[in-house]
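Q: So I've got this file, run.pdb, and it contains PDB, C-alpha atoms:
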```pdb
ATOM      1  CA  ASP A  25     -63.202 -87.067   4.786
ATOM      2  CA  GLN A  26     -60.901 -84.403   6.154
ATOM      3  CA  PRO A  27     -57.266 -84.274   4.947
ATOM      4  CA  ARG A  28     -54.713 -85.266   7.549
ATOM      5  CA  SER A  29     -53.304 -82.369   9.585
ATOM      6  CA  ARG A  30     -49.766 -81.243   8.854
ATOM      7  CA  GLY A  31     -49.250 -79.621  12.244
ATOM      8  CA  LEU A  32     -46.055 -78.934  14.127
ATOM      9  CA  GLY A  33     -45.726 -82.591  15.113
ATOM     10  CA  ASP A  34     -45.158 -83.473  11.470
ATOM     11  CA  VAL A  35     -42.417 -80.846  11.210
ATOM     12  CA  TYR A  36     -40.740 -82.210  14.349
ATOM     13  CA  LYS A  37     -40.895 -85.780  13.003
ATOM     14  CA  ARG A  38     -39.361 -84.727   9.698
ATOM     15  CA  GLN A  39     -36.530 -82.991  11.556
ATOM     16  CA  CYS A  40     -35.811 -86.165  13.545
ATOM     17  CA  LYS A  41     -35.918 -88.471  10.529
ATOM     18  CA  GLU A  42     -32.852 -90.596  10.061
ATOM     19  CA  LYS A  43     -31.286 -91.186   6.621
ATOM     20  CA  GLU A  44     -32.711 -94.723   6.392
ATOM     21  CA  GLY A  45     -36.238 -93.414   6.899
ATOM     22  CA  ILE A  46     -36.547 -94.526  10.529
ATOM     23  CA  TRP A  47     -38.227 -92.086  12.910
ATOM     24  CA  MET A  48     -35.932 -91.275  15.799
ATOM     25  CA  ALA A  49     -37.065 -89.515  18.936
ATOM     26  CA  LYS A  50     -34.823 -86.899  20.529
ATOM     27  CA  LYS A  51     -32.696 -88.428  23.282
ATOM     28  CA  LEU A  52     -33.673 -87.199  26.747
ATOM     29  CA  SER A  53     -31.114 -85.445  28.914
ATOM     30  CA  PRO A  54     -30.127 -87.031  32.239
ATOM     31  CA  TRP A  55     -32.140 -84.327  34.046
ATOM     32  CA  CYS A  56     -35.283 -85.096  32.011
ATOM     33  CA  LYS A  57     -34.932 -88.801  32.779
ATOM     34  CA  GLU A  58     -34.376 -88.153  36.486
ATOM     35  CA  ALA A  59     -37.385 -85.833  36.693
ATOM     36  CA  LYS A  60     -39.644 -88.370  34.975
ATOM     37  CA  LYS A  61     -38.413 -91.204  37.220
ATOM     38  CA  LYS A  62     -39.043 -89.094  40.320
ATOM     39  CA  MET A  63     -42.549 -88.228  39.099
ATOM     40  CA  ILE A  64     -43.269 -91.953  38.694
ATOM     41  CA  ASP A  65     -41.929 -92.640  42.207
ATOM     42  CA  MET A  66     -44.141 -89.854  43.584
ATOM     43  CA  ASP A  67     -47.139 -91.028  41.497
ATOM     44  CA  LEU A  68     -47.319 -87.478  40.165
ATOM     45  CA  GLU A  69     -48.843 -86.520  36.827
ATOM     46  CA  VAL A  70     -47.674 -83.623  34.660
ATOM     47  CA  ASN A  71     -50.919 -81.695  35.188
ATOM     48  CA  GLU A  72     -50.567 -82.039  38.979
ATOM     49  CA  LEU A  73     -46.951 -80.855  38.863
ATOM     50  CA  ALA A  74     -47.852 -77.920  36.626
ATOM     51  CA  SER A  75     -50.719 -76.898  38.874
ATOM     52  CA  SER A  76     -48.522 -77.060  41.978
ATOM     53  CA  LEU A  77     -45.908 -74.852  40.316
ATOM     54  CA  GLY A  78     -48.339 -72.364  38.790
ATOM     55  CA  LEU A  79     -47.251 -73.306  35.254
ATOM     56  CA  THR A  80     -49.242 -74.691  32.322
ATOM     57  CA  ARG A  81     -49.294 -78.402  31.588
ATOM     58  CA  PRO A  82     -48.029 -78.002  27.994
ATOM     59  CA  TYR A  83     -45.110 -75.856  29.176
ATOM     60  CA  VAL A  84     -44.081 -78.290  31.932
ATOM     61  CA  SER A  85     -44.409 -81.175  29.477
ATOM     62  CA  SER A  86     -42.153 -79.358  27.004
ATOM     63  CA  VAL A  87     -39.526 -78.786  29.697
ATOM     64  CA  LEU A  88     -39.709 -82.406  30.905
ATOM     65  CA  ASN A  89     -39.339 -83.705  27.353
ATOM     66  CA  GLY A  90     -36.424 -81.421  26.527
ATOM     67  CA  ARG A  91     -38.218 -79.424  23.837
ATOM     68  CA  VAL A  92     -37.914 -76.199  25.865
ATOM     69  CA  TYR A  93     -35.142 -75.218  28.250
ATOM     70  CA  SER A  94     -35.774 -72.623  30.920
ATOM     71  CA  PRO A  95     -33.381 -72.436  33.878
ATOM     72  CA  VAL A  96     -36.174 -70.967  36.013
ATOM     73  CA  ALA A  97     -38.620 -73.768  35.160
ATOM     74  CA  VAL A  98     -35.947 -76.456  35.611
ATOM     75  CA  LYS A  99     -35.106 -75.016  39.034
ATOM     76  CA  LYS A 100     -38.791 -74.904  40.088
ATOM     77  CA  ILE A 101     -39.366 -78.488  38.940
ATOM     78  CA  SER A 102     -36.115 -79.713  40.501
ATOM     79  CA  ASP A 103     -36.908 -78.095  43.833
ATOM     80  CA  TYR A 104     -40.421 -79.541  43.865
ATOM     81  CA  LEU A 105     -39.206 -83.050  42.954
ATOM     82  CA  GLN A 106     -36.162 -82.715  45.239
ATOM     83  CA  ILE A 107     -33.663 -83.604  42.516
ATOM     84  CA  PRO A 108     -30.509 -81.745  41.422
ATOM     85  CA  ASP A 109     -31.197 -79.197  38.703
ATOM     86  CA  ALA A 110     -29.477 -79.514  35.335
ATOM     87  CA  ASP A 111     -26.949 -76.802  36.163
ATOM     88  CA  SER A 112     -25.715 -78.533  39.325
ATOM     89  CA  GLU A 113     -24.853 -81.840  37.618
TER      90      GLU A 113
END
```
Kindly present the structure from the file in structure tokens form.

A:
Amino acid sequence: DQPRSRGLGDVYKRQCKEKEGIWMAKKLSPWCKEAKKKMIDMDLEVNELASSLGLTRPYVSSVLNGRVYSPVAVKKISDYLQIPDADSE
């Protein structure tokens, strides 16, 4: 049996741990929520969006989930999804 990985996900979970020992996910910004809703409405997957924008799937996923903020990426995604970008809210 292999020992369980202690990758970056474990570090992230420890950073989000609440005092009572409950795992709490980072709250999504209004822009992240709007982008995800629009993708559902358009029946668009992250890999399709990334490919259309010339970006990698992991990078687009990180932007959509609020782990990475890039004004350029947010603008590209916003324009493609036809939603206001985070700076115009």

Q: Expanded to explicit residues, what is the PyMOL selection byres ((chain A and resi 71-74) around 12) for this file, as a ChimeraX atom specification?

A: /A:59-60,62-64,66-70,75-88,97,100-105

Q: Which centre and which edge lengths, in Å to one decimal, describe the axis-aligned box that holds all listed atoms of region 105-109 of chain A after 8 Å is added on each side, as JSON?

A:
```
{"center_x": -34.9, "center_y": -81.4, "center_z": 42.0, "size_x": 24.7, "size_y": 20.4, "size_z": 22.5}
```

Q: Expressed in Å to a single decimal, how great is the separation between CA of Cys56 (chain A) and CA of Val98 (chain A)?

A: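 Rounded to one decimal, the two atoms are 9.4 Å apart.
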
Q: In Å, how far is it from CA of Asp109 (chain A) to CA of Pro54 (chain A)?

A: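 Atom-to-atom, CA of Asp109 (chain A) to CA of Pro54 (chain A), that is 10.2 Å.
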
Q: Hey, which of A:Lys99, A:Ser94, A:Asn89, A:Gln106 ends up closest to Lys50 (chain A)? Count all atoms listed in the file.

A: A:Asn89
